[in-house]
Each structure stands twice: as C-alpha cells, then as structure tokens.
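Text of my_file-v3.cif, listed as mmCIF, C-alpha atoms:
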```cif
data_work
#
loop_
_atom_site.label_atom_id
_atom_site.label_comp_id
_atom_site.auth_asym_id
_atom_site.auth_seq_id
_atom_site.Cartn_x
_atom_site.Cartn_y
_atom_site.Cartn_z
CA MET C 1 -39.89 -5.30 49.86
CA ASN C 2 -40.69 -8.99 50.20
CA ARG C 3 -38.09 -11.71 50.50
CA GLY C 4 -38.41 -12.97 46.93
CA VAL C 5 -37.76 -9.55 45.44
CA ALA C 6 -34.81 -9.02 47.78
CA LEU C 7 -33.29 -12.32 46.66
CA ASP C 8 -33.89 -11.35 43.02
CA VAL C 9 -31.92 -8.17 43.67
CA VAL C 10 -29.08 -10.09 45.34
CA GLY C 11 -29.18 -12.48 42.39
CA ALA C 12 -28.81 -9.59 39.97
CA VAL C 13 -25.82 -8.24 41.88
CA VAL C 14 -24.21 -11.70 41.96
CA ARG C 15 -24.89 -12.04 38.26
CA LEU C 16 -23.37 -8.69 37.34
CA GLY C 17 -20.36 -9.50 39.53
CA LEU C 18 -19.59 -12.78 37.80
CA ALA C 19 -20.30 -11.25 34.38
CA ALA C 20 -17.77 -8.50 35.15
CA VAL C 21 -15.22 -11.11 36.23
CA TRP C 22 -15.51 -13.11 32.99
CA LEU C 23 -15.63 -10.07 30.71
CA THR C 24 -12.57 -8.51 32.36
CA SER C 25 -10.51 -11.68 32.45
CA GLY C 26 -11.53 -12.65 28.91
CA ILE C 27 -10.82 -9.27 27.35
CA LEU C 28 -7.45 -8.92 29.10
CA LYS C 29 -6.47 -12.34 27.74
CA ALA C 30 -7.85 -11.70 24.24
CA VAL C 31 -5.93 -8.45 23.71
CA ASP C 32 -2.55 -10.11 24.35
CA PRO C 33 -2.57 -13.58 22.76
CA ASP C 34 1.20 -14.07 23.13
CA GLN C 35 1.05 -13.37 26.86
CA THR C 36 -1.94 -15.70 27.17
CA TYR C 37 0.03 -18.44 25.42
CA VAL C 38 2.95 -17.93 27.80
CA ALA C 39 0.56 -18.03 30.78
CA VAL C 40 -1.10 -21.27 29.66
CA ARG C 41 2.26 -22.82 28.84
CA ALA C 42 3.63 -21.99 32.30
CA TYR C 43 1.19 -24.48 33.90
CA ASP C 44 3.27 -27.12 32.09
CA VAL C 45 0.30 -29.46 31.63
CA LEU C 46 -0.39 -29.46 27.89
CA PRO C 47 1.78 -30.19 24.85
CA MET C 48 2.64 -27.17 22.64
CA ALA C 49 -0.31 -27.75 20.28
CA GLY C 50 -2.72 -28.04 23.20
CA VAL C 51 -1.37 -24.82 24.70
CA GLU C 52 -1.93 -23.10 21.36
CA ILE C 53 -5.57 -24.23 21.19
CA VAL C 54 -6.44 -23.49 24.82
CA ALA C 55 -4.75 -20.07 24.68
CA ALA C 56 -6.70 -19.25 21.50
CA ILE C 57 -10.15 -20.33 22.68
CA LEU C 58 -10.10 -19.59 26.42
CA PRO C 59 -10.31 -15.76 26.21
CA TRP C 60 -13.31 -15.88 23.87
CA PHE C 61 -14.99 -18.60 25.93
CA GLU C 62 -14.66 -16.41 29.03
CA ILE C 63 -16.07 -13.42 27.16
CA ALA C 64 -18.98 -15.59 25.97
CA LEU C 65 -19.73 -16.68 29.54
CA GLY C 66 -19.61 -13.03 30.61
CA VAL C 67 -22.01 -11.95 27.88
CA LEU C 68 -24.45 -14.80 28.62
CA ILE C 69 -24.44 -14.02 32.35
CA LEU C 70 -24.85 -10.32 31.64
CA ILE C 71 -27.94 -10.84 29.49
CA GLY C 72 -29.09 -13.64 31.78
CA ALA C 73 -29.49 -16.43 29.24
CA GLY C 74 -29.62 -20.02 30.51
CA LEU C 75 -28.23 -18.82 33.83
CA ARG C 76 -28.22 -22.16 35.63
CA LEU C 77 -26.35 -23.87 32.79
CA VAL C 78 -23.94 -20.98 32.27
CA ALA C 79 -23.27 -20.78 36.02
CA ALA C 80 -22.54 -24.51 36.03
CA LEU C 81 -20.12 -24.07 33.10
CA SER C 82 -18.50 -21.18 34.97
CA ALA C 83 -18.07 -23.29 38.08
CA ALA C 84 -16.61 -26.14 36.01
CA LEU C 85 -14.10 -23.79 34.34
CA LEU C 86 -13.16 -22.27 37.71
CA LEU C 87 -12.60 -25.77 39.11
CA MET C 88 -10.24 -26.44 36.18
CA PHE C 89 -8.35 -23.23 36.98
CA ILE C 90 -8.11 -24.29 40.62
CA ALA C 91 -6.80 -27.70 39.56
CA GLY C 92 -4.22 -25.96 37.37
CA VAL C 93 -2.99 -23.69 40.17
CA VAL C 94 -2.96 -26.53 42.72
CA GLN C 95 -0.90 -28.81 40.45
CA ALA C 96 1.56 -25.97 39.77
CA TRP C 97 1.86 -25.30 43.49
CA ALA C 98 2.21 -28.99 44.34
CA ARG C 99 4.91 -29.49 41.71
CA GLY C 100 6.88 -26.54 43.00
CA LEU C 101 6.50 -24.42 39.84
CA SER C 102 6.69 -20.65 40.38
CA ILE C 103 4.03 -19.15 38.16
CA ASP C 104 1.54 -16.33 38.08
CA CYS C 105 -1.92 -17.75 37.33
CA GLY C 106 -2.47 -15.24 34.52
CA CYS C 107 -6.09 -15.13 35.65
CA PHE C 108 -6.53 -11.51 34.58
CA GLY C 109 -3.91 -11.22 31.86
CA GLY C 110 -0.21 -11.47 32.59
CA GLY C 111 0.96 -14.87 33.72
CA GLY C 112 3.99 -17.01 33.12
CA ALA C 113 6.89 -17.92 35.34
CA VAL C 114 7.78 -15.67 38.27
CA ALA C 115 10.63 -15.66 40.76
CA ALA C 116 10.33 -18.30 43.47
CA GLY C 117 9.21 -15.84 46.18
CA GLN C 118 6.70 -14.03 43.94
CA THR C 119 3.92 -16.62 43.78
CA ALA C 120 0.45 -15.82 45.15
CA TYR C 121 -1.20 -19.25 45.08
CA VAL C 122 -3.26 -18.74 48.26
CA GLN C 123 -4.74 -15.45 47.07
CA GLU C 124 -5.39 -16.89 43.59
CA LEU C 125 -7.18 -19.93 45.02
CA LEU C 126 -9.26 -17.88 47.47
CA ARG C 127 -10.26 -15.57 44.64
CA ASP C 128 -11.33 -18.49 42.45
CA ILE C 129 -13.29 -19.99 45.35
CA GLY C 130 -15.04 -16.64 45.79
CA PHE C 131 -16.04 -16.72 42.13
CA ILE C 132 -17.32 -20.28 42.56
CA VAL C 133 -19.55 -19.07 45.39
CA LEU C 134 -21.07 -16.54 42.97
CA ALA C 135 -21.61 -19.29 40.40
CA ALA C 136 -23.08 -21.58 43.07
CA TRP C 137 -25.63 -18.93 44.03
CA MET C 138 -26.81 -18.79 40.43
CA ILE C 139 -26.96 -22.57 40.14
CA VAL C 140 -29.13 -22.76 43.27
CA ARG C 141 -31.22 -19.70 42.44
CA PRO C 142 -30.86 -18.62 38.81
CA ARG C 143 -33.87 -16.27 39.05
CA THR C 144 -32.76 -12.62 39.05
CA LEU C 145 -34.07 -9.26 38.01
CA LEU C 146 -33.73 -8.24 34.38
CA SER C 147 -32.58 -11.48 32.83
CA LEU C 148 -33.41 -12.96 29.46
CA ASP C 149 -34.49 -16.14 31.27
CA THR C 150 -37.26 -14.42 33.26
CA ARG C 151 -38.37 -12.41 30.23
CA THR C 152 -38.76 -15.47 28.04
CA GLU C 153 -40.43 -17.25 30.95
CA HIS C 154 -43.11 -14.56 31.03
CA MET C 155 -43.47 -14.78 27.28
CA GLY C 156 -44.03 -18.49 27.64
CA ARG C 157 -46.73 -18.02 30.25
CA THR C 158 -48.55 -15.13 28.59
CA MET S 1 -45.26 -16.97 11.32
CA GLY S 2 -46.25 -13.42 12.26
CA GLY S 3 -46.34 -12.07 15.80
CA ALA S 4 -50.09 -11.62 15.71
CA SER S 5 -50.89 -15.19 14.73
CA ARG S 6 -48.31 -16.50 17.22
CA SER S 7 -49.93 -14.67 20.12
CA GLU S 8 -53.31 -15.78 18.88
CA LYS S 9 -52.06 -19.39 18.96
CA LYS S 10 -50.67 -18.87 22.46
CA ARG S 11 -53.95 -17.39 23.60
CA ARG S 12 -55.88 -20.37 22.29
CA GLN S 13 -53.37 -22.76 23.87
CA ALA S 14 -53.79 -21.00 27.23
CA GLU S 15 -57.56 -21.13 26.83
CA ALA S 16 -57.37 -24.88 26.18
CA ASN S 17 -55.11 -25.40 29.18
CA ARG S 18 -57.52 -23.51 31.39
CA ARG S 19 -60.36 -25.74 30.29
CA LEU S 20 -58.26 -28.85 30.92
CA ALA S 21 -57.30 -27.51 34.33
CA ALA S 22 -60.96 -26.89 35.12
CA ALA S 23 -61.59 -30.51 34.25
CA GLY S 24 -58.84 -31.55 36.67
CA ILE S 25 -56.27 -32.41 33.98
CA ARG S 26 -52.76 -31.03 34.58
CA VAL S 27 -50.74 -30.11 31.51
CA PRO S 28 -46.97 -29.95 32.16
CA PRO S 29 -45.68 -26.49 31.18
CA GLU S 30 -43.79 -26.47 27.94
CA ARG S 31 -40.05 -25.96 28.48
CA ASN S 32 -38.81 -22.75 27.04
CA ARG S 33 -35.73 -23.54 24.94
CA THR S 34 -34.82 -20.00 23.86
CA PRO S 35 -32.14 -19.41 26.56
CA LEU S 36 -30.45 -22.73 25.83
CA ILE S 37 -30.33 -21.93 22.11
CA VAL S 38 -28.83 -18.52 22.93
CA VAL S 39 -26.21 -20.20 25.15
CA ALA S 40 -25.28 -22.71 22.47
CA VAL S 41 -25.03 -20.05 19.75
CA VAL S 42 -22.89 -17.69 21.82
CA LEU S 43 -20.50 -20.46 22.90
CA VAL S 44 -20.12 -21.76 19.35
CA VAL S 45 -19.43 -18.23 18.09
CA ALA S 46 -16.77 -17.83 20.81
CA VAL S 47 -14.98 -21.01 19.75
CA ILE S 48 -15.15 -20.01 16.08
CA VAL S 49 -13.68 -16.57 16.85
CA GLY S 50 -10.85 -18.16 18.87
CA VAL S 51 -9.98 -20.66 16.16
CA THR S 52 -10.15 -17.97 13.45
CA VAL S 53 -7.76 -15.71 15.36
CA LEU S 54 -5.44 -18.68 15.89
CA LEU S 55 -5.43 -19.60 12.19
CA ASN S 56 -4.90 -15.97 11.14
CA ARG S 57 -1.89 -15.66 13.39
CA ALA S 58 -0.34 -19.00 12.49
CA SER S 59 2.64 -18.36 10.27
CA SER S 60 2.61 -19.93 6.85
CA THR S 61 5.20 -22.46 5.73
CA ASN S 62 8.61 -22.10 7.28
CA VAL S 63 11.05 -19.86 5.39
CA THR S 64 14.42 -21.59 4.99
CA PRO S 65 17.27 -19.31 6.07
CA THR S 66 19.93 -18.77 3.40
CA TYR S 67 21.79 -15.92 5.09
CA THR S 68 25.25 -16.34 6.59
CA ALA S 69 26.34 -15.34 10.07
CA THR S 70 29.53 -14.26 11.81
CA ALA S 71 30.10 -13.94 15.54
CA SER S 72 31.97 -11.41 17.60
CA GLY S 73 31.81 -12.12 21.32
CA ALA S 74 28.18 -13.06 22.00
CA VAL S 75 26.79 -11.02 19.11
CA VAL S 76 25.98 -12.83 15.88
CA THR S 77 25.78 -10.61 12.82
CA ALA S 78 23.60 -11.92 10.01
CA GLY S 79 22.83 -10.58 6.57
CA THR S 80 24.14 -7.56 4.70
CA GLY S 81 21.11 -5.26 4.49
CA ARG S 82 21.07 -1.50 4.79
CA VAL S 83 18.87 -1.43 7.92
CA THR S 84 20.54 -2.80 11.03
CA ILE S 85 18.36 -4.36 13.72
CA ASP S 86 19.63 -5.43 17.13
CA THR S 87 17.72 -8.25 18.84
CA TYR S 88 18.28 -9.47 22.40
CA GLU S 89 17.07 -12.98 23.08
CA ASP S 90 17.31 -15.66 25.75
CA PHE S 91 16.66 -19.19 24.48
CA LEU S 92 14.67 -20.11 27.62
CA CYS S 93 12.41 -17.04 27.46
CA PRO S 94 8.86 -18.03 26.42
CA GLN S 95 8.13 -14.54 25.09
CA CYS S 96 11.18 -14.90 22.84
CA GLU S 97 9.75 -18.17 21.53
CA ARG S 98 6.46 -16.35 20.82
CA PHE S 99 8.37 -13.53 19.14
CA GLU S 100 10.21 -16.03 16.96
CA GLN S 101 6.95 -17.81 16.15
CA ARG S 102 5.32 -14.54 15.14
CA TYR S 103 8.09 -12.68 13.34
CA GLY S 104 10.77 -15.32 12.66
CA ASN S 105 9.67 -15.95 9.08
CA ASP S 106 9.47 -12.24 8.27
CA VAL S 107 12.92 -11.59 9.72
CA THR S 108 14.39 -14.57 7.86
CA SER S 109 12.81 -13.44 4.57
CA ALA S 110 14.16 -9.92 5.01
CA LEU S 111 17.60 -11.36 5.81
CA ASN S 112 17.48 -13.74 2.84
CA SER S 113 16.58 -10.92 0.47
CA GLY S 114 19.27 -8.60 1.84
CA GLN S 115 16.91 -5.95 3.20
CA ILE S 116 18.23 -6.03 6.74
CA THR S 117 21.24 -6.85 8.87
CA VAL S 118 20.42 -8.42 12.21
CA ARG S 119 22.75 -8.44 15.20
CA PHE S 120 21.49 -11.27 17.38
CA HIS S 121 22.63 -10.51 20.94
CA THR S 122 22.82 -13.84 22.72
CA ILE S 123 21.60 -13.12 26.25
CA ALA S 124 21.31 -15.32 29.35
CA ILE S 125 19.11 -13.71 31.99
CA LEU S 126 17.08 -16.80 32.89
CA ASP S 127 19.80 -19.07 34.25
CA PRO S 128 18.01 -19.34 37.64
CA SER S 129 14.80 -20.51 35.92
CA THR S 130 15.92 -24.08 35.25
CA THR S 131 16.62 -26.84 37.76
CA PRO S 132 19.62 -27.15 37.86
CA PRO S 133 20.26 -23.51 36.87
CA GLY S 134 22.20 -22.53 33.77
CA TYR S 135 20.25 -23.65 30.71
CA SER S 136 20.10 -20.11 29.29
CA THR S 137 23.88 -19.90 29.21
CA ARG S 138 24.31 -23.46 27.88
CA ALA S 139 21.83 -22.80 25.07
CA ALA S 140 23.37 -19.41 24.29
CA ASN S 141 26.81 -20.99 24.19
CA ALA S 142 25.58 -23.73 21.87
CA ALA S 143 24.04 -21.10 19.56
CA LEU S 144 27.39 -19.31 19.38
CA CYS S 145 29.16 -22.66 18.80
CA ALA S 146 26.82 -23.09 15.82
CA VAL S 147 28.35 -20.06 14.08
CA PRO S 148 31.78 -21.63 13.31
CA ALA S 149 29.96 -24.93 12.77
CA GLY S 150 28.15 -23.19 9.88
CA ILE S 151 24.62 -23.93 11.10
CA TYR S 152 23.68 -20.87 13.19
CA PRO S 153 20.45 -19.90 11.34
CA THR S 154 18.88 -23.37 11.51
CA PHE S 155 20.27 -24.20 14.95
CA ARG S 156 18.88 -20.97 16.40
CA GLU S 157 15.43 -21.85 15.03
CA LYS S 158 15.80 -25.34 16.46
CA LEU S 159 16.53 -23.97 19.94
CA PHE S 160 13.22 -22.13 19.89
CA ALA S 161 11.28 -24.99 18.30
CA GLU S 162 12.52 -27.33 21.05
CA GLN S 163 12.42 -24.75 23.84
CA PRO S 164 12.19 -26.47 27.24
CA ALA S 165 9.77 -25.21 29.92
CA GLU S 166 10.92 -22.87 32.65
CA GLY S 167 11.43 -24.87 35.81
CA SER S 168 12.54 -27.95 33.86
CA ALA S 169 16.13 -29.16 33.56
CA GLY S 170 16.40 -27.78 30.03
CA LEU S 171 17.88 -29.68 27.12
CA THR S 172 21.02 -31.66 27.93
CA ASN S 173 24.33 -30.92 26.22
CA GLY S 174 23.89 -34.31 24.55
CA GLN S 175 20.56 -33.20 23.06
CA LEU S 176 22.07 -29.88 21.91
CA VAL S 177 24.91 -31.74 20.19
CA ALA S 178 22.48 -34.21 18.62
CA PHE S 179 20.43 -31.36 17.10
CA ALA S 180 23.60 -29.78 15.70
CA THR S 181 24.78 -33.07 14.23
CA GLN S 182 21.36 -33.50 12.63
CA LEU S 183 21.70 -30.04 11.06
CA GLY S 184 25.19 -30.85 9.71
CA ALA S 185 27.52 -29.10 12.16
CA LYS S 186 31.18 -28.92 11.13
CA GLY S 187 34.17 -29.05 13.48
CA ASP S 188 34.21 -29.79 17.19
CA PHE S 189 30.70 -28.67 18.14
CA ALA S 190 30.51 -31.06 21.11
CA GLY S 191 33.81 -29.75 22.48
CA CYS S 192 32.56 -26.18 22.18
CA VAL S 193 29.28 -27.03 23.96
CA ASN S 194 30.83 -29.08 26.75
CA GLY S 195 33.69 -26.62 27.22
CA GLY S 196 31.40 -23.60 27.62
CA THR S 197 33.65 -21.78 25.14
CA ASN S 198 31.49 -18.63 24.93
CA ASN S 199 30.24 -18.43 28.51
CA ALA S 200 32.36 -15.42 29.47
CA ALA S 201 31.33 -13.51 26.34
CA ILE S 202 27.65 -14.27 27.08
CA ALA S 203 27.95 -13.01 30.66
CA ALA S 204 29.66 -9.84 29.46
CA GLU S 205 27.02 -9.21 26.76
CA THR S 206 24.19 -9.90 29.22
CA ASN S 207 25.59 -7.45 31.76
CA ALA S 208 26.18 -4.81 29.12
CA ALA S 209 22.64 -5.13 27.74
CA ALA S 210 21.04 -5.13 31.20
CA ALA S 211 22.94 -1.95 32.12
CA ASP S 212 21.96 -0.05 28.96
CA PRO S 213 19.13 2.35 29.89
CA ALA S 214 18.11 2.67 26.24
CA LEU S 215 17.10 -1.00 26.21
CA GLN S 216 14.99 -0.92 29.37
CA THR S 217 11.23 -0.97 29.74
CA ASP S 218 10.13 0.68 33.00
CA GLY S 219 13.68 0.55 34.29
CA GLN S 220 14.02 -3.18 33.63
CA PHE S 221 15.82 -5.04 30.86
CA GLY S 222 13.95 -8.04 29.49
CA THR S 223 13.88 -10.29 26.47
CA PRO S 224 12.91 -10.13 23.70
CA THR S 225 14.13 -6.61 23.08
CA VAL S 226 14.64 -5.12 19.65
CA ALA S 227 16.60 -1.93 19.01
CA ILE S 228 17.38 0.13 15.94
CA ASN S 229 20.20 2.70 16.10
CA GLY S 230 20.45 2.04 19.83
CA ALA S 231 16.82 2.88 20.56
CA ARG S 232 14.31 0.29 21.74
CA VAL S 233 11.55 -0.61 19.28
CA ASP S 234 7.96 -0.78 20.55
CA LEU S 235 6.95 -4.37 19.85
CA ASN S 236 3.28 -3.54 20.45
CA ASN S 237 3.52 -2.12 16.95
CA THR S 238 3.05 -5.31 14.94
CA ASN S 239 4.41 -3.51 11.87
CA TRP S 240 7.75 -2.77 13.54
CA LEU S 241 9.74 -4.75 10.96
CA LYS S 242 8.01 -3.22 7.92
CA ASP S 243 8.45 0.23 9.45
CA ALA S 244 12.13 -0.47 10.12
CA ILE S 245 12.71 -1.57 6.53
CA ALA S 246 10.85 1.49 5.27
CA GLY S 247 13.09 3.65 7.47
CA LYS S 248 10.19 4.97 9.58
#
```
Encoding of this model in structure tokens:
Amino acid sequence: MNRGVALDVVGAVVRLGLAAVWLTSGILKAVDPDQTYVAVRAYDVLPMAGVEIVAAILPWFEIALGVLILIGAGLRLVAALSAALLLMFIAGVVQAWARGLSIDCGCFGGGGAVAAGQTAYVQELLRDIGFIVLAAWMIVRPRTLLSLDTRTEHMGRT
Amino acid sequence: MGGASRSEKKRRQAEANRRLAAAGIRVPPERNRTPLIVVAVVLVVAVIVGVTVLLNRASSTNVTPTYTATASGAVVTAGTGRVTIDTYEDFLCPQCERFEQRYGNDVTSALNSGQITVRFHTIAILDPSTTPPGYSTRAANAALCAVPAGIYPTFREKLFAEQPAEGSAGLTNGQLVAFATQLGAKGDFAGCVNGGTNNAAIAAETNAAAADPALQTDGQFGTPTVAINGARVDLNNTNWLKDAIAGK
C-alpha cells in the first residue's frame, strides 16, 4: 500500500471520528432542549434571549457538521467550521474556569452548574483539543477515501 | 439538461483542453462547487430546524393568573380543582425556570378554570449555589410573604422571569421588595422579607421533601418534582398535565 493510500485511510478514520463526535453531541443536545438551555445558560455569557437562540440552533448545527463530515462534503471548509466552533467551546470553558464558576460543559448533553469540587475543566479542554487535532488534519489534508468531495472531483475530471 | 448531453459536453470540453494543452496553453481547472453548495444547504436547513423547534416550543401569550392562594407552612395551596398536584420548586433552579416556561401557562389556565388544585411546595436546596449563599431561602421566603400580601401568583412568576444565575449573588432583598411593590403587595412585605419570617418552615419542608423516597429520582431528590397522590410524575411525558386532569 503506498503512502498516499495509507494517508487516505487515516483521513477516513479521522473523518469518521469527528463525524461521530458531532452527531453524538448534537443528538444528545437536540433530544433534551431544556437541559441544553440550562447548559448554555450556565456559561453565564449570553442574555436570556441569546441563550434561547444558541440552545435552539447549536444541536442542529452540530448534527449538520456531523452529516457533512460523514458524507465528506466540502471537508476543508467544514473542518475549519468545526475547529472554529471547538475554539468557541474552549473559550467558553476557559472563561467559566477563570471566573470561578462550577459548571459541567454539557458537551455531550447534560450540563449546568455542579458542586464546586465536581468540575472537570482539564479533561473537557483536553478533549476539545483532541477534536481540534482531528479537524486540523482534515484542514491540512481533506482528501480521504469515500468522500463526496473526491467523487465529485472525479466527475469533474472525467 | 440530460445526463447524456452533459457528458457529451464534458467530453468535448476535455477534448478541447487536450488540444490546448498540446499547443502549450494551460487551462486552469474549473472549480467544482457542488460540495460547497451541499455545505451551505445542510447548514441552512440546520438553522431552520433549530428556529422552527424554538418557535414551536415558545409559549403563546402569557396567561394572567386569577386563582387565589393560601399558605400553610411552606406549602402554598392554589385553586379549587378536583385533581390535586404537588409541585416542588426552588426559585434558583434553572430546570424549574424551564419547567415554568414550558408548562406555567397550562398550569395557570387549569388553575384559573378550576380543573386542578396545586400545592406549591416552596423548597430551598440550592442555598450553596449563590455567593453569598442563601438566595434560594430568601426567594422562597419572599414567595411565601407574597401570599398574605395577596400577590403570590404574579410574584411567583416574577421570581422565575427574573431568575438570577447560579453562582451570582442573587436578587437583593431590596429588589424582591421592589418587585412586590410593583405588583401591588399589601401589608408589611419588606418586614416579612427582611425578617426571614418563613425560613424555618422552608427548611422543614425542604428536609421533609428530600427525605421522602416517593419523590426521589435514582435515590436523589431534585427540583422540579411533581407528584400526584404522593407519587412522582414522570416529566419526560410532556402530556403529564393533560393526563393528570383526565385522571390517567
């Protein structure tokens, strides 16, 4: 197996990994809108109306990113959007930590205030950084096996 | 344009490019826009779905409470309906605010029309969640002060509408009194709030509720909790109120 094919395979694994992350996190948020609202509100950044809008759109946006990555459409752009969203999550967790709030990030459902000793900011940040590495791979090398991008590319070349 | 003629066009285009290439002329490859269009469409659909869900869940115009309320200890009994519903709420609890947002109008309508009696159990389990601690009890006390002041239904709604964030200082007693004055409180509301008149009753009710196994979820008491005839109602059933009124 030559190097290019091997990298395509790694790319596909990276892609499926990030797709699974977005689909899981998005679906868990979408099925419990009240909990998602509480989670977004706990960051204490947005006014009530802003919390309402973010909590309503975020789950579906995450699911959309997951679907796009899964089918492999516009991978470089979608990976960049993913990285940008993950950076926003990191900013949210860091500001909560810095301000001394005790919250659960609500990254995969759940969320809201927790008891002072129950925070897991380090783990949450490391996890988000791990996801950014996946997104970064796809920004650098969006070519993978079985993606809509490569299929339409071939169509274009004929 | 049919598939056949499209591929024919592509073939001719490729043929032309080959001839240009043979002549030493480089044609930049045409950018394929399909993936970007797919991305845009999927993201727009996601936003539309989110907004639609939000609008569907948003409660319609606020129902004005016309029911009356009496208090015994930290339990406020409202309405005169046949079906009795016990609710346990903490005014700092964000899930209680969500619950009020989602079902408040339905509960108020059912109370107004005499279909239900609600016993609002005024609970304070989140005292440690404000800095300084104690907002849950202060808010609960103020809600109970609102009963003799004749403004409980509207004041209770106000406490949720103005709910402070966990981790904040909470509303001051001055703010609580100002809301009550705005809503037309009678008597010495400020004295009741500043004196913590109902604090002992709130602590007793909170301890009693927390110790009642019938109210626990996975061995833990939390708010909001709703019970009918002493048994906890599953709030994952979004028809819980209709079912309760129907006697199911």
Quick one: of C:Ala96, C:Cys107, C:Val78, C:Ile132, who's nearest to chain S, counting only C-alpha atoms?
C:Val78
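The interatomic distance for the pair atom CA of S:Leu235 and atom CA of S:Ser168 works out to 28.0 Å.
Ranking C:Ala79, C:Val31, C:Leu65, C:Val122 by their shortest atom-to-atom distance to chain S, with all atoms listed in the file included, puts C:Leu65 first.
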Could you state which residues are captured by the PyMOL selection byres ((chain S) within 7 of (chain C)) in this file, as a PyMOL selection string?
chain S and resi 32+35-36+38-39+42-43+46-47+50-51+54+94-95+98+166-167
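Note on the selection: in this file the PyMOL selection byres ((chain S and resi 189-201) around 7) comes out as S:Gly73, S:Ala74, S:Thr137, S:Asn141, S:Ala142, S:Leu144, S:Cys145, S:Ala149, S:Asn173, S:Val177, S:Ala185, S:Gly187, S:Asp188, S:Ile202, S:Ala203, S:Ala204, S:Glu205.
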Distance query C:Gln123 at most 12 Å, all atoms listed in the file, self and fewer than 6 positions along chain excluded, as a ChimeraX atom specification
/C:90,93,104-105,107,129-130
If the PyMOL selection byres ((chain S and resi 123) around 12) were run on this exact file, what residues would it hold? Put them as a PDB file with C-alpha atoms, in the coordinates of the input.
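What follows is the written file out-v6.pdb:
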```pdb
ATOM      1  CA  GLY S  73      31.810 -12.120  21.320  1.00  0.00           C
ATOM      2  CA  ALA S  74      28.180 -13.060  22.000  1.00  0.00           C
ATOM      3  CA  VAL S  75      26.790 -11.020  19.110  1.00  0.00           C
ATOM      4  CA  VAL S  76      25.980 -12.830  15.880  1.00  0.00           C
ATOM      5  CA  THR S  87      17.720  -8.250  18.840  1.00  0.00           C
ATOM      6  CA  TYR S  88      18.280  -9.470  22.400  1.00  0.00           C
ATOM      7  CA  GLU S  89      17.070 -12.980  23.080  1.00  0.00           C
ATOM      8  CA  ASP S  90      17.310 -15.660  25.750  1.00  0.00           C
ATOM      9  CA  PHE S  91      16.660 -19.190  24.480  1.00  0.00           C
ATOM     10  CA  LEU S  92      14.670 -20.110  27.620  1.00  0.00           C
ATOM     11  CA  CYS S  93      12.410 -17.040  27.460  1.00  0.00           C
ATOM     12  CA  CYS S  96      11.180 -14.900  22.840  1.00  0.00           C
ATOM     13  CA  PHE S 120      21.490 -11.270  17.380  1.00  0.00           C
ATOM     14  CA  HIS S 121      22.630 -10.510  20.940  1.00  0.00           C
ATOM     15  CA  THR S 122      22.820 -13.840  22.720  1.00  0.00           C
ATOM     16  CA  ALA S 124      21.310 -15.320  29.350  1.00  0.00           C
ATOM     17  CA  ILE S 125      19.110 -13.710  31.990  1.00  0.00           C
ATOM     18  CA  LEU S 126      17.080 -16.800  32.890  1.00  0.00           C
ATOM     19  CA  ASP S 127      19.800 -19.070  34.250  1.00  0.00           C
ATOM     20  CA  TYR S 135      20.250 -23.650  30.710  1.00  0.00           C
ATOM     21  CA  SER S 136      20.100 -20.110  29.290  1.00  0.00           C
ATOM     22  CA  THR S 137      23.880 -19.900  29.210  1.00  0.00           C
ATOM     23  CA  ARG S 138      24.310 -23.460  27.880  1.00  0.00           C
ATOM     24  CA  ALA S 139      21.830 -22.800  25.070  1.00  0.00           C
ATOM     25  CA  ALA S 140      23.370 -19.410  24.290  1.00  0.00           C
ATOM     26  CA  ASN S 141      26.810 -20.990  24.190  1.00  0.00           C
ATOM     27  CA  ALA S 143      24.040 -21.100  19.560  1.00  0.00           C
ATOM     28  CA  LEU S 144      27.390 -19.310  19.380  1.00  0.00           C
ATOM     29  CA  ASN S 198      31.490 -18.630  24.930  1.00  0.00           C
ATOM     30  CA  ASN S 199      30.240 -18.430  28.510  1.00  0.00           C
ATOM     31  CA  ALA S 200      32.360 -15.420  29.470  1.00  0.00           C
ATOM     32  CA  ALA S 201      31.330 -13.510  26.340  1.00  0.00           C
ATOM     33  CA  ILE S 202      27.650 -14.270  27.080  1.00  0.00           C
ATOM     34  CA  ALA S 203      27.950 -13.010  30.660  1.00  0.00           C
ATOM     35  CA  ALA S 204      29.660  -9.840  29.460  1.00  0.00           C
ATOM     36  CA  GLU S 205      27.020  -9.210  26.760  1.00  0.00           C
ATOM     37  CA  THR S 206      24.190  -9.900  29.220  1.00  0.00           C
ATOM     38  CA  ASN S 207      25.590  -7.450  31.760  1.00  0.00           C
ATOM     39  CA  ALA S 208      26.180  -4.810  29.120  1.00  0.00           C
ATOM     40  CA  ALA S 209      22.640  -5.130  27.740  1.00  0.00           C
ATOM     41  CA  ALA S 210      21.040  -5.130  31.200  1.00  0.00           C
ATOM     42  CA  PHE S 221      15.820  -5.040  30.860  1.00  0.00           C
ATOM     43  CA  GLY S 222      13.950  -8.040  29.490  1.00  0.00           C
ATOM     44  CA  THR S 223      13.880 -10.290  26.470  1.00  0.00           C
ATOM     45  CA  PRO S 224      12.910 -10.130  23.700  1.00  0.00           C
ATOM     46  CA  THR S 225      14.130  -6.610  23.080  1.00  0.00           C
TER      47      THR S 225
END
```
C:Ala12, C:Ser82, C:Gly92, C:Leu28 ranked by distance to C:Leu46, top pick (using all atoms listed in the file):
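Going through C:Ala12, C:Ser82, C:Gly92, C:Leu28 one by one, the smallest distance to C:Leu46 is for C:Gly92.
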For the atom pair atom CA of C:Pro47 and atom CA of C:Gln118, what is the interatomic distance in Å to one decimal place?
25.5 Å
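The space between atom CA of C:Gly111 and atom CA of S:Gln101 spans 18.8 Å.
Distance annotation: of C:Leu125, C:Ile139, C:Ala49, C:Leu146, the residue with the minimal separation from C:Phe89 is C:Leu125; atom set is only C-alpha atoms.
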Kindly add N, CA and C atoms to the incomplete stretch 32-40 of chain C and provide the output as a CSV table (one decimal), keeping the file's coordinate frame.
```csv
chain,number,residue,atom,x,y,z
C,32,ASP,N,-4.0,-9.8,24.4
C,32,ASP,CA,-2.6,-10.1,24.4
C,32,ASP,C,-2.4,-11.6,24.2
C,33,PRO,N,-2.6,-12.1,23.0
C,33,PRO,CA,-2.6,-13.6,22.8
C,33,PRO,C,-1.2,-14.2,23.1
C,34,ASP,N,-0.1,-13.5,22.8
C,34,ASP,CA,1.2,-14.1,23.1
C,34,ASP,C,1.4,-14.3,24.6
C,35,GLN,N,0.9,-13.3,25.4
C,35,GLN,CA,1.0,-13.4,26.9
C,35,GLN,C,0.1,-14.5,27.4
C,36,THR,N,-1.0,-14.6,26.8
C,36,THR,CA,-1.9,-15.7,27.2
C,36,THR,C,-1.3,-17.1,26.9
C,37,TYR,N,-0.7,-17.2,25.7
C,37,TYR,CA,0.0,-18.4,25.4
C,37,TYR,C,1.1,-18.8,26.5
C,38,VAL,N,1.9,-17.7,26.8
C,38,VAL,CA,3.0,-17.9,27.8
C,38,VAL,C,2.3,-18.3,29.2
C,39,ALA,N,1.2,-17.7,29.5
C,39,ALA,CA,0.6,-18.0,30.8
C,39,ALA,C,0.1,-19.5,30.8
C,40,VAL,N,-0.6,-19.9,29.7
C,40,VAL,CA,-1.1,-21.3,29.7
C,40,VAL,C,0.1,-22.3,29.7
```
